[in-house]
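> So here's entry11.cif (mmCIF, C-alpha atoms).
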data_start
#
loop_
_atom_site.label_atom_id
_atom_site.label_comp_id
_atom_site.auth_asym_id
_atom_site.auth_seq_id
_atom_site.Cartn_x
_atom_site.Cartn_y
_atom_site.Cartn_z
CA MET D 1 77.09 69.56 105.52
CA ALA D 2 78.06 72.18 102.95
CA GLU D 3 75.30 74.47 104.23
CA ILE D 4 76.49 74.02 107.81
CA ALA D 5 80.09 74.84 106.88
CA LEU D 6 78.97 77.97 105.02
CA ALA D 7 76.91 79.06 108.01
CA PHE D 8 79.85 78.88 110.39
CA PHE D 9 82.13 80.67 107.90
CA VAL D 10 79.75 83.60 107.58
CA ALA D 11 79.24 83.70 111.35
CA ASP D 12 82.82 84.89 111.82
CA GLU D 13 81.95 88.40 110.69
CA VAL D 14 78.16 88.77 110.53
CA ASP D 15 75.41 88.40 113.04
CA ALA D 16 74.89 84.70 113.78
CA ILE D 17 71.14 85.21 114.04
CA GLU D 18 70.78 84.10 110.44
CA ILE D 19 72.42 80.71 111.05
CA PRO D 20 69.28 78.87 112.22
CA HIS D 21 67.63 79.59 108.89
CA VAL D 22 70.52 77.78 107.21
CA LEU D 23 70.96 74.93 109.67
CA TYR D 24 67.36 73.94 110.11
CA GLY D 25 65.93 74.84 106.73
CA GLU D 26 65.70 71.17 105.78
CA TRP D 27 63.53 70.31 108.75
CA HIS D 28 61.34 73.39 109.14
CA ASP D 29 59.32 74.46 106.15
CA GLU D 30 58.56 77.81 107.72
CA HIS D 31 62.27 78.66 107.63
CA ARG D 32 62.75 77.85 103.97
CA LEU D 33 61.65 81.34 102.97
CA ARG D 34 63.78 84.32 103.94
CA ARG D 35 62.42 86.80 106.41
CA SER D 36 61.02 89.93 104.85
CA VAL D 37 63.52 92.56 105.99
CA PRO D 38 62.88 96.20 104.99
CA LYS D 39 65.67 97.60 102.80
CA VAL D 40 66.53 101.01 101.40
CA GLN D 41 65.28 100.89 97.83
CA GLN D 42 67.16 102.51 94.93
CA PHE D 43 69.83 104.12 97.15
CA VAL D 44 72.58 103.84 94.53
CA GLU D 45 70.29 104.56 91.59
CA GLU D 46 68.37 107.55 93.00
CA VAL D 47 70.06 108.94 96.13
CA VAL D 48 73.77 108.75 95.30
CA PRO D 49 73.44 110.66 91.96
CA GLN D 50 72.02 113.60 93.93
CA TYR D 51 75.15 113.94 96.06
CA SER D 52 77.29 116.96 95.32
CA PRO D 53 80.96 116.20 94.55
CA SER D 54 81.96 117.09 98.11
CA ASP D 55 79.16 115.00 99.65
CA PHE D 56 80.08 112.05 97.44
CA LYS D 57 83.72 112.22 98.60
CA SER D 58 82.72 112.62 102.23
CA HIS D 59 80.74 109.36 102.05
CA PHE D 60 82.91 107.26 99.72
CA ARG D 61 86.31 108.99 100.24
CA LEU D 62 87.13 108.94 96.52
CA SER D 63 85.85 111.28 93.85
CA ARG D 64 83.43 110.00 91.23
CA GLY D 65 86.28 109.99 88.74
CA HIS D 66 88.46 107.82 90.94
CA VAL D 67 85.57 105.45 91.61
CA GLU D 68 85.16 105.11 87.84
CA ASP D 69 88.89 104.36 87.55
CA VAL D 70 88.61 101.69 90.23
CA MET D 71 85.64 100.06 88.49
CA THR D 72 87.40 100.15 85.12
CA THR D 73 90.49 98.48 86.59
CA ILE D 74 88.88 95.74 88.68
CA GLY D 75 85.71 95.31 86.63
CA PRO D 76 86.86 92.44 84.36
CA PHE D 77 88.23 90.46 87.30
CA TYR D 78 85.17 91.20 89.42
CA TRP D 79 82.83 89.66 86.87
CA ASN D 80 85.09 86.67 86.26
CA ARG D 81 85.41 85.82 89.95
CA GLN D 82 82.01 86.69 91.37
CA HIS D 83 79.52 85.70 88.64
CA SER D 84 77.30 88.10 90.54
CA LYS D 85 73.95 89.65 89.76
CA VAL D 86 74.82 92.68 91.91
CA PRO D 87 75.99 95.54 89.62
CA LEU D 88 79.67 96.41 89.88
CA GLN D 89 78.92 100.00 90.88
CA ASN D 90 76.70 98.88 93.76
CA SER D 91 79.33 96.45 95.01
CA VAL D 92 82.20 98.98 94.84
CA LEU D 93 80.20 101.73 96.54
CA ALA D 94 79.02 99.35 99.25
CA CYS D 95 82.62 98.30 99.94
CA LEU D 96 83.91 101.88 100.01
CA TRP D 97 81.07 102.83 102.36
CA THR D 98 81.92 99.88 104.63
CA LEU D 99 85.61 100.80 104.83
CA SER D 100 84.87 104.50 105.33
CA ASN D 101 82.43 104.08 108.21
CA GLN D 102 81.94 102.06 111.36
CA GLU D 103 78.37 101.25 110.39
CA SER D 104 77.41 97.63 111.05
CA TYR D 105 77.19 95.11 108.23
CA ARG D 106 73.45 95.04 108.91
CA GLY D 107 73.20 98.79 108.30
CA VAL D 108 75.29 98.63 105.12
CA ALA D 109 73.25 95.68 103.85
CA ASP D 110 69.98 97.54 104.41
CA ARG D 111 71.32 100.67 102.74
CA PHE D 112 72.53 98.88 99.60
CA ASN D 113 69.66 96.35 99.45
CA ILE D 114 71.86 93.28 99.84
CA THR D 115 72.43 90.72 102.62
CA LYS D 116 74.95 90.94 105.44
CA SER D 117 76.82 87.89 104.18
CA THR D 118 77.07 89.53 100.74
CA VAL D 119 78.61 92.64 102.28
CA CYS D 120 81.22 90.48 104.03
CA LEU D 121 82.10 88.40 100.98
CA TYR D 122 82.19 91.36 98.58
CA LEU D 123 84.37 93.37 100.97
CA HIS D 124 87.04 90.66 101.04
CA GLU D 125 86.90 90.32 97.26
CA PHE D 126 87.06 94.09 96.71
CA CYS D 127 90.08 94.51 99.00
CA SER D 128 91.83 91.60 97.29
CA LEU D 129 91.27 93.14 93.85
CA VAL D 130 92.47 96.57 95.01
CA THR D 131 95.71 95.17 96.48
CA THR D 132 96.32 93.10 93.33
CA TYR D 133 95.48 95.54 90.54
CA LEU D 134 95.91 98.99 92.14
CA SER D 135 99.11 98.32 94.12
CA HIS D 136 101.06 100.70 91.85
CA HIS D 137 99.59 103.59 93.84
CA ILE D 138 102.08 102.67 96.59
CA SER D 139 105.62 102.99 95.27
CA TRP D 140 109.06 103.79 96.63
CA PRO D 141 110.15 107.36 95.79
CA THR D 142 112.64 107.60 92.94
CA GLY D 143 113.57 110.30 90.45
CA GLN D 144 111.36 113.38 90.70
CA ALA D 145 109.25 111.83 93.47
CA LEU D 146 112.39 111.35 95.57
CA HIS D 147 113.51 114.91 94.86
CA ASN D 148 110.11 116.31 95.89
CA SER D 149 110.07 114.25 99.08
CA GLU D 150 113.59 115.40 100.01
CA LEU D 151 112.58 119.03 99.47
CA GLY D 152 109.63 118.56 101.81
CA PHE D 153 111.77 117.07 104.58
CA ARG D 154 114.41 119.74 104.02
CA ALA D 155 111.75 122.42 104.52
CA ALA D 156 110.79 120.64 107.76
CA GLY D 157 114.40 120.96 108.94
CA PHE D 158 115.89 117.53 108.20
CA PRO D 159 117.55 117.39 104.74
CA ASN D 160 118.59 114.34 102.69
CA THR D 161 115.60 112.32 103.91
CA VAL D 162 113.90 109.79 101.64
CA CYS D 163 110.92 108.97 103.87
CA ALA D 164 109.79 108.45 107.46
CA VAL D 165 108.91 105.14 109.11
CA ASP D 166 106.77 104.23 112.10
CA GLY D 167 104.38 101.54 113.30
CA CYS D 168 100.83 101.70 114.57
CA HIS D 169 98.31 99.19 115.89
CA ILE D 170 95.19 98.23 113.97
CA PRO D 171 92.68 96.93 116.56
CA ILE D 172 91.04 93.60 115.68
CA VAL D 173 88.87 90.99 117.39
CA LYS D 174 90.38 87.75 118.62
CA PRO D 175 91.82 86.14 115.47
CA HIS D 176 91.49 82.55 114.29
CA CYS D 177 95.12 81.37 114.37
CA GLU D 178 97.42 79.01 116.22
CA ASN D 179 98.50 81.58 118.81
CA PRO D 180 95.90 84.35 119.19
CA VAL D 181 97.48 85.50 122.48
CA ALA D 182 100.45 86.82 120.45
CA TYR D 183 98.11 89.44 119.00
CA ILE D 184 97.43 91.02 122.41
CA ASN D 185 99.57 94.17 122.60
CA ARG D 186 100.96 95.89 125.69
CA LYS D 187 97.71 97.85 126.06
CA GLN D 188 95.85 94.56 126.33
CA PHE D 189 93.76 94.53 123.16
CA TYR D 190 94.10 92.42 120.01
CA SER D 191 95.87 94.16 117.14
CA VAL D 192 98.13 93.75 114.14
CA VAL D 193 101.12 96.01 113.49
CA LEU D 194 101.07 98.28 110.45
CA THR D 195 104.63 99.35 109.57
CA GLY D 196 104.34 102.33 107.25
CA PHE D 197 106.83 104.40 105.26
CA CYS D 198 105.67 107.75 103.90
CA ASP D 199 107.12 110.67 101.97
CA SER D 200 106.92 114.32 103.00
CA LYS D 201 103.46 114.63 101.37
CA ARG D 202 101.92 111.94 103.64
CA ARG D 203 101.84 109.42 100.84
CA PHE D 204 102.62 105.81 101.69
CA CYS D 205 105.80 104.53 100.00
CA HIS D 206 105.62 101.03 101.46
CA VAL D 207 103.47 99.19 103.99
CA ASN D 208 103.84 95.93 105.84
CA VAL D 209 100.80 94.60 107.72
CA GLY D 210 99.86 91.57 109.79
CA HIS D 211 102.52 90.94 112.42
CA PRO D 212 101.15 90.29 115.94
CA GLY D 213 100.42 93.26 118.16
CA SER D 214 102.81 91.96 120.82
CA TRP D 215 105.76 92.38 118.46
CA HIS D 216 108.17 95.28 118.85
CA ASP D 217 108.39 97.79 116.00
CA ALA D 218 111.97 96.81 115.27
CA ARG D 219 111.06 93.14 114.78
CA ALA D 220 108.26 93.98 112.37
CA PHE D 221 110.60 96.37 110.55
CA ARG D 222 113.34 93.73 110.13
CA LEU D 223 110.87 91.35 108.49
CA SER D 224 109.51 93.95 106.06
CA ALA D 225 110.74 94.08 102.48
CA VAL D 226 112.44 97.42 103.21
CA GLY D 227 114.16 96.05 106.31
CA ARG D 228 115.54 93.09 104.38
CA LEU D 229 116.77 95.26 101.50
CA LEU D 230 118.49 97.67 103.88
CA ASP D 231 120.37 94.67 105.21
CA GLU D 232 121.17 93.09 101.83
CA ASP D 233 121.36 95.95 99.30
CA PRO D 234 120.74 99.36 100.94
CA GLN D 235 121.86 101.39 97.92
CA SER D 236 118.93 100.03 95.92
CA LEU D 237 116.54 101.93 98.22
CA VAL D 238 118.51 104.81 99.76
CA PRO D 239 121.05 106.76 97.68
CA GLU D 240 124.44 107.51 99.16
CA GLY D 241 124.25 110.31 101.71
CA MET D 242 120.50 109.99 102.21
CA HIS D 243 118.49 108.24 104.90
CA ILE D 244 115.11 107.19 106.30
CA ILE D 245 114.06 108.69 109.64
CA GLY D 246 112.32 106.91 112.50
CA ASP D 247 111.84 107.10 116.25
CA SER D 248 113.83 105.33 118.97
CA ALA D 249 112.02 102.05 118.26
CA TYR D 250 114.21 101.49 115.21
CA PRO D 251 117.87 100.48 114.90
CA LEU D 252 120.44 103.10 114.02
CA LEU D 253 121.78 102.32 110.53
CA PRO D 254 123.74 104.37 107.98
CA GLN D 255 120.49 104.56 106.00
CA LEU D 256 118.14 104.93 109.00
CA MET D 257 118.46 107.83 111.45
CA ARG D 258 116.87 107.79 114.91
CA PRO D 259 117.14 110.26 117.84
CA TYR D 260 119.94 110.19 120.37
CA ARG D 261 118.86 108.37 123.50
CA ASP D 262 118.32 111.02 126.15
CA ASN D 263 120.37 109.95 129.16
CA GLY D 264 120.34 113.43 130.68
CA HIS D 265 123.75 114.32 129.24
CA LEU D 266 122.95 115.30 125.64
CA THR D 267 124.82 118.22 124.14
CA ALA D 268 122.97 121.23 122.78
CA ARG D 269 123.58 120.02 119.22
CA GLN D 270 122.29 116.56 120.03
CA ARG D 271 119.13 118.06 121.49
CA ARG D 272 118.67 120.20 118.35
CA PHE D 273 119.22 117.08 116.23
CA ASN D 274 116.52 115.22 118.14
CA GLN D 275 114.14 118.15 117.89
CA LYS D 276 114.57 118.56 114.15
CA LEU D 277 114.29 114.83 113.50
CA ASN D 278 111.11 114.56 115.57
CA VAL D 279 109.55 117.55 113.81
CA ALA D 280 110.27 116.01 110.41
CA ARG D 281 109.27 112.50 111.51
CA VAL D 282 105.81 113.54 112.73
CA VAL D 283 104.62 113.32 109.11
CA ILE D 284 104.25 109.54 109.43
CA GLU D 285 102.09 109.95 112.53
CA HIS D 286 99.92 112.39 110.61
CA THR D 287 99.71 109.86 107.78
CA PHE D 288 98.38 107.19 110.12
CA GLY D 289 95.92 109.75 111.48
CA LEU D 290 94.70 110.57 107.98
CA LEU D 291 94.36 106.89 107.16
CA LYS D 292 92.18 106.18 110.19
CA THR D 293 90.17 109.36 109.66
CA LYS D 294 89.39 108.39 106.10
CA PHE D 295 88.83 104.68 106.64
CA ARG D 296 87.21 104.41 110.04
CA ARG D 297 86.71 100.67 109.75
CA LEU D 298 90.39 100.52 110.77
CA LYS D 299 89.49 101.78 114.25
CA CYS D 300 88.50 98.14 114.83
CA LEU D 301 88.43 95.47 112.14
CA TYR D 302 85.84 92.81 112.86
CA MET D 303 87.72 90.19 110.90
CA LYS D 304 89.29 87.02 112.27
CA ASN D 305 91.42 85.78 109.39
CA ILE D 306 94.87 87.43 109.51
CA ALA D 307 95.32 87.23 105.73
CA ASN D 308 92.01 89.05 105.19
CA ILE D 309 92.99 91.65 107.79
CA SER D 310 96.33 92.32 106.08
CA ILE D 311 94.66 92.66 102.69
CA ALA D 312 91.99 95.02 104.01
CA VAL D 313 94.51 97.33 105.71
CA THR D 314 96.75 97.37 102.63
CA ALA D 315 93.76 98.20 100.44
CA CYS D 316 92.94 101.17 102.69
CA CYS D 317 96.55 102.40 102.36
CA ILE D 318 96.27 102.21 98.56
CA LEU D 319 92.94 104.09 98.62
CA HIS D 320 94.53 106.65 100.98
CA ASN D 321 97.17 107.43 98.34
CA MET D 322 94.46 107.74 95.71
CA CYS D 323 92.70 110.28 97.92
CA LEU D 324 95.88 112.34 98.18
CA GLU D 325 96.26 112.40 94.40
CA GLU D 326 93.25 114.71 94.37
CA GLY D 327 95.09 117.20 96.57
CA GLU D 328 92.36 117.49 99.19
CA ALA D 329 92.86 118.70 102.76
CA ILE D 330 91.91 116.13 105.39
CA GLU D 331 91.48 116.53 109.12
CA VAL D 332 94.02 114.48 111.05
CA ASP D 333 92.95 112.04 113.76
CA GLU D 334 95.66 112.42 116.40
CA GLN D 335 94.57 109.35 118.40
CA VAL D 336 96.84 106.75 116.82
CA GLU D 337 98.00 103.71 118.75
CA ALA D 338 101.79 103.83 118.53
CA ALA D 339 103.77 100.63 118.71
CA ASP D 340 106.22 99.81 121.49
CA ASN D 341 109.58 101.59 121.26
CA ARG D 342 111.20 100.59 124.54
CA ALA D 343 113.74 97.98 123.45
CA PRO D 344 117.41 99.06 123.11
CA HIS D 345 119.43 98.43 119.94
CA PRO D 346 123.11 97.55 119.44
CA GLN D 347 125.21 100.40 118.05
CA ASN D 348 126.25 100.41 114.39
CA GLN D 349 129.49 102.40 114.32
CA ASP D 350 129.11 103.56 110.71
CA ALA D 351 125.62 104.78 111.56
CA VAL D 352 126.86 106.51 114.72
CA LEU D 353 129.49 108.36 112.66
CA HIS D 354 126.93 109.34 110.01
CA ARG D 355 124.50 110.62 112.66
CA ASN D 356 127.25 112.63 114.35
CA GLN D 357 128.17 114.21 111.03
CA ILE D 358 124.54 115.27 110.50
CA CYS D 359 124.37 116.51 114.10
CA ASP D 360 127.40 118.74 113.52
CA LEU D 361 125.44 120.59 110.84
CA PHE D 362 122.84 121.84 113.35
#
Please express the file's structure as structure tokens.

Amino acid sequence: MAEIALAFFVADEVDAIEIPHVLYGEWHDEHRLRRSVPKVQQFVEEVVPQYSPSDFKSHFRLSRGHVEDVMTTIGPFYWNRQHSKVPLQNSVLACLWTLSNQESYRGVADRFNITKSTVCLYLHEFCSLVTTYLSHHISWPTGQALHNSELGFRAAGFPNTVCAVDGCHIPIVKPHCENPVAYINRKQFYSVVLTGFCDSKRRFCHVNVGHPGSWHDARAFRLSAVGRLLDEDPQSLVPEGMHIIGDSAYPLLPQLMRPYRDNGHLTARQRRFNQKLNVARVVIEHTFGLLKTKFRRLKCLYMKNIANISIAVTACCILHNMCLEEGEAIEVDEQVEAADNRAPHPQNQDAVLHRNQICDLF
């Protein structure tokens, strides 16, 4: 029974063709031995060392130095949890390759001389370790980081801005949960909502992942840690006189600026306000584009467990920030699925006054 349970668990994310070898191994002697499947021999040991620094980063997204840092950080926990005979370097590189490409698990397994089920299990473990022990790479801007972010937004035309917020859809397959229909978004595919906050340098400051694709941006925002703090203790995140910027999907708050709703009667200053806010806010859309360009597995995650999906997306956001620490230029993927922004919001009078005061400056 244990073998049967394991077979169905692995079948969620790998080709089910291997299941008969597990299920009927007791009754068929010819299935006791694994099939002889050709693998790429010595890929990590002989091929990878020949990559130039740029080729290495193009395949694994991180530099060799950052990969070494990742292995140093998660290494002790990797060995304690996995008790694996697969070298740490092979496992980490296989996981980075899997996240960076849309290659099938079969192709990754052949390339790194491991099984498909091993790729799946190691990927979940790797993402879990990254989100646990490398989470400090995503942090809210304070001190000099806040000053630098504000300067960037000021140069873009919208001063006193801490960060920008937006939501995007991460496509997934039909999830295993009580209400999978809730994950069908308005474009009729399964997805989870990634609510991201970024500074002016396209670095994630905070992410919240895993809410159903049918949810509105504002609902996902309210349930994020930032949304709750803005309601309970806004000064702890946004200094007096400063704000976050978002699109019309978000509520207007003293600490969160959104465009004026265009009813056909906007003043010239209101139109300039909207234009400048949208120009500054586009940085979060670029950030999502960079994320999906770097980690192409996010174009569709073939995972069915929502917790695993959330961990994998968060891990990619952490690795995205690590990429930016190297100061490299990355081509932006403009095809990002934006979340729904149609719902109206009640007016916050303090926020209306604050927005009007900013508008008067333009």
> One number please: CA of Val130 in chain D to CA of Ala315 in chain D, in Å, one decimal.
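Answer for the CA of Val130 in chain D to CA of Ala315 in chain D separation: 5.8 Å.
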> Do you know which residues are at most 6 Å from Val192 in chain D counting all atoms listed in the file, after dropping those on the same chain fewer than 6 positions away, and could you put them as an MDAnalysis selection string?
chainID D and resid 169:170 210:213
> With all atoms listed in the file as the basis for distance, which of D:Gly196, D:Pro180, D:Pro141, D:Gly107 is at the shortest distance from Cys168 in chain D?
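Under the stated criterion, the closest residue is D:Gly196.
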> Just give me the gap between CA of Arg154 in chain D and CA of Leu353 in chain D in Å, one decimal is fine.
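Value for the CA of Arg154 in chain D-CA of Leu353 in chain D distance: 20.8 Å.
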> Given the file above and the PyMOL selection byres ((chain D and resi 140) around 12), which residues are selected, and can you give them as a VMD selection string?
chain D and resid 135 to 139 141 to 146 149 162 to 164 196 to 199 203 to 207 225 to 226 236 to 238 244
> Under the rule that only C-alpha atoms are counted, which of D:Gly246, D:Pro254, D:Pro171, D:Pro259 is the nearest residue to Arg296 in chain D?
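The answer is D:Pro171, which sits nearest to Arg296 in chain D.
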> What does the structure give for the distance between CA of His176 in chain D and CA of Lys304 in chain D, in Å to one decimal?
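The value is 5.4 Å.
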> Taking the file as I've supplied it (selection: the PyMOL selection byres ((chain D and resi 354) around 12)), which residues are included? Please answer as a list in words.
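That selection, the PyMOL selection byres ((chain D and resi 354) around 12), comes back as Glu240, Gly241, Met242, His243, Leu252, Leu253, Pro254, Gln255, Leu256, Met257, Arg258, Asn348, Gln349, Asp350, Ala351, Val352, Leu353, Arg355, Asn356, Gln357, Ile358, Cys359, Asp360 and Leu361 of chain D.
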> Residues within 10 Å of (94.4, 97.8, 92.6), file coordinates, counting all atoms listed in the file: what are they? Give the list as a ChimeraX atom specification.
/D:69-71,73-74,126-138,315,318-319
> Pick the closest to Lys299 in chain D from D:Tyr105, D:Val313, D:Cys120, D:Asp166: which is it, counting all atoms listed in the file?
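Distance minimum relative to Lys299 in chain D lands on D:Val313.
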> Fewer than 5 positions away in the same chain doesn't count, so skip those; otherwise give me all residues within 12 Å of Glu178 in chain D, counting only C-alpha atoms, as a PDB file with C-alpha atoms, in the frame of the given file.

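Result went into result-v8.pdb, see below:
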ATOM      1  CA  TYR D 183      98.110  89.440 119.000  1.00  0.00           C
ATOM      2  CA  PRO D 212     101.150  90.290 115.940  1.00  0.00           C
ATOM      3  CA  ASN D 305      91.420  85.780 109.390  1.00  0.00           C
ATOM      4  CA  ILE D 306      94.870  87.430 109.510  1.00  0.00           C
TER       5      ILE D 306
END
> Which of these, D:Cys323, D:Val92, D:Leu223, D:Ile245, has the shortest distance to Leu123 in chain D once you count all atoms listed in the file?
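Closest residue, counting all atoms listed in the file: D:Val92.
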> Select, from D:Leu229, D:Val47, D:Ala156, D:Ile309, the residue with the minimum atom-to-atom distance to Val193 in chain D, counting only C-alpha atoms.
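Result for the nearest residue to Val193 in chain D: D:Ile309.
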> Find the spatial neighbours of Glu103 in chain D, counting all atoms listed in the file, within a cut-off of 12 Å - ignore same-chain residues fewer than 5 positions away - and output them as a list in words.
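After dropping sequence-adjacent residues, the list is His59, Ala94, Cys95, Leu96, Trp97, Thr98, Val108, Ala109, Asp110, Arg111, Lys116, Val119, Phe295, Arg296, Arg297, Lys299, Cys300, Leu301 and Tyr302 of chain D.
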> In terms of the shortest atom-to-atom distance over only C-alpha atoms, which of D:Asp231, D:Phe158, D:Glu125, D:Thr115 is closest to Asn274 in chain D?
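Looking only at the distances to Asn274 in chain D, the closest residue turns out to be D:Phe158.
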> Within 12 Å of Phe56 in chain D, counting only C-alpha atoms, which residues show up once you throw out same-chain ones fewer than 5 positions away? Write them as a count of residues only, please.
17
> Determine, counting all atoms listed in the file, which protein, DNA and RNA residues have an atom within 9 Å of an atom of Asn185 in chain D; residues of the same chain fewer than 3 positions away are not included. Present the result as number ranges by chain.
D: 169, 181-182, 188-192, 212-215, 339-340
> Please output range 107-115 of chain D, rebuilt to include all heavy atoms, as a PDB file, in the coordinates of the input.

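For reference, part_10.pdb as written:
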ATOM      1  N   GLY D 107      73.570  97.489 108.820  1.00  0.00           N
ATOM      2  CA  GLY D 107      73.200  98.790 108.300  1.00  0.00           C
ATOM      3  C   GLY D 107      73.619  98.977 106.847  1.00  0.00           C
ATOM      4  O   GLY D 107      72.857  99.525 106.039  1.00  0.00           O
ATOM      5  N   VAL D 108      74.827  98.530 106.506  1.00  0.00           N
ATOM      6  CA  VAL D 108      75.290  98.630 105.120  1.00  0.00           C
ATOM      7  C   VAL D 108      74.425  97.779 104.201  1.00  0.00           C
ATOM      8  O   VAL D 108      74.048  98.199 103.099  1.00  0.00           O
ATOM      9  CB  VAL D 108      76.770  98.197 105.006  1.00  0.00           C
ATOM     10  CG1 VAL D 108      77.229  98.229 103.548  1.00  0.00           C
ATOM     11  CG2 VAL D 108      77.667  99.094 105.847  1.00  0.00           C
ATOM     12  N   ALA D 109      74.088  96.571 104.655  1.00  0.00           N
ATOM     13  CA  ALA D 109      73.250  95.680 103.850  1.00  0.00           C
ATOM     14  C   ALA D 109      71.879  96.293 103.581  1.00  0.00           C
ATOM     15  O   ALA D 109      71.373  96.245 102.447  1.00  0.00           O
ATOM     16  CB  ALA D 109      73.093  94.336 104.558  1.00  0.00           C
ATOM     17  N   ASP D 110      71.280  96.891 104.597  1.00  0.00           N
ATOM     18  CA  ASP D 110      69.980  97.540 104.410  1.00  0.00           C
ATOM     19  C   ASP D 110      70.079  98.714 103.447  1.00  0.00           C
ATOM     20  O   ASP D 110      69.212  98.927 102.598  1.00  0.00           O
ATOM     21  CB  ASP D 110      69.428  98.008 105.752  1.00  0.00           C
ATOM     22  CG  ASP D 110      69.007  96.858 106.652  1.00  0.00           C
ATOM     23  OD1 ASP D 110      68.920  95.717 106.151  1.00  0.00           O
ATOM     24  OD2 ASP D 110      68.777  97.093 107.858  1.00  0.00           O
ATOM     25  N   ARG D 111      71.158  99.476 103.570  1.00  0.00           N
ATOM     26  CA  ARG D 111      71.320 100.670 102.740  1.00  0.00           C
ATOM     27  C   ARG D 111      71.484 100.309 101.258  1.00  0.00           C
ATOM     28  O   ARG D 111      70.932 100.988 100.377  1.00  0.00           O
ATOM     29  CB  ARG D 111      72.535 101.477 103.211  1.00  0.00           C
ATOM     30  CG  ARG D 111      72.750 102.787 102.480  1.00  0.00           C
ATOM     31  CD  ARG D 111      74.003 103.487 102.989  1.00  0.00           C
ATOM     32  NE  ARG D 111      73.933 103.760 104.406  1.00  0.00           N
ATOM     33  CZ  ARG D 111      73.326 104.822 104.940  1.00  0.00           C
ATOM     34  NH1 ARG D 111      72.743 105.700 104.146  1.00  0.00           N
ATOM     35  NH2 ARG D 111      73.321 104.998 106.251  1.00  0.00           N
ATOM     36  N   PHE D 112      72.232  99.229 100.987  1.00  0.00           N
ATOM     37  CA  PHE D 112      72.530  98.880  99.600  1.00  0.00           C
ATOM     38  C   PHE D 112      71.663  97.720  99.085  1.00  0.00           C
ATOM     39  O   PHE D 112      71.935  97.167  98.019  1.00  0.00           O
ATOM     40  CB  PHE D 112      74.013  98.547  99.450  1.00  0.00           C
ATOM     41  CG  PHE D 112      74.900  99.755  99.539  1.00  0.00           C
ATOM     42  CD1 PHE D 112      75.392 100.194 100.766  1.00  0.00           C
ATOM     43  CD2 PHE D 112      75.217 100.485  98.404  1.00  0.00           C
ATOM     44  CE1 PHE D 112      76.197 101.328 100.862  1.00  0.00           C
ATOM     45  CE2 PHE D 112      76.026 101.612  98.476  1.00  0.00           C
ATOM     46  CZ  PHE D 112      76.511 102.041  99.713  1.00  0.00           C
ATOM     47  N   ASN D 113      70.649  97.346  99.875  1.00  0.00           N
ATOM     48  CA  ASN D 113      69.660  96.350  99.450  1.00  0.00           C
ATOM     49  C   ASN D 113      70.303  95.010  99.105  1.00  0.00           C
ATOM     50  O   ASN D 113      70.007  94.383  98.083  1.00  0.00           O
ATOM     51  CB  ASN D 113      68.865  96.876  98.243  1.00  0.00           C
ATOM     52  CG  ASN D 113      67.587  96.079  98.021  1.00  0.00           C
ATOM     53  OD1 ASN D 113      67.111  95.386  98.926  1.00  0.00           O
ATOM     54  ND2 ASN D 113      67.038  96.170  96.817  1.00  0.00           N
ATOM     55  N   ILE D 114      71.220  94.582  99.983  1.00  0.00           N
ATOM     56  CA  ILE D 114      71.860  93.280  99.840  1.00  0.00           C
ATOM     57  C   ILE D 114      71.861  92.615 101.220  1.00  0.00           C
ATOM     58  O   ILE D 114      71.365  93.194 102.191  1.00  0.00           O
ATOM     59  CB  ILE D 114      73.300  93.384  99.301  1.00  0.00           C
ATOM     60  CG1 ILE D 114      74.131  94.380 100.130  1.00  0.00           C
ATOM     61  CG2 ILE D 114      73.295  93.798  97.827  1.00  0.00           C
ATOM     62  CD1 ILE D 114      75.560  94.555  99.645  1.00  0.00           C
ATOM     63  N   THR D 115      72.394  91.409 101.340  1.00  0.00           N
ATOM     64  CA  THR D 115      72.430  90.720 102.620  1.00  0.00           C
ATOM     65  C   THR D 115      73.740  91.004 103.349  1.00  0.00           C
ATOM     66  O   THR D 115      74.733  91.421 102.745  1.00  0.00           O
ATOM     67  CB  THR D 115      72.290  89.199 102.428  1.00  0.00           C
ATOM     68  OG1 THR D 115      73.444  88.705 101.736  1.00  0.00           O
ATOM     69  CG2 THR D 115      71.035  88.863 101.637  1.00  0.00           C
TER      70      THR D 115
END
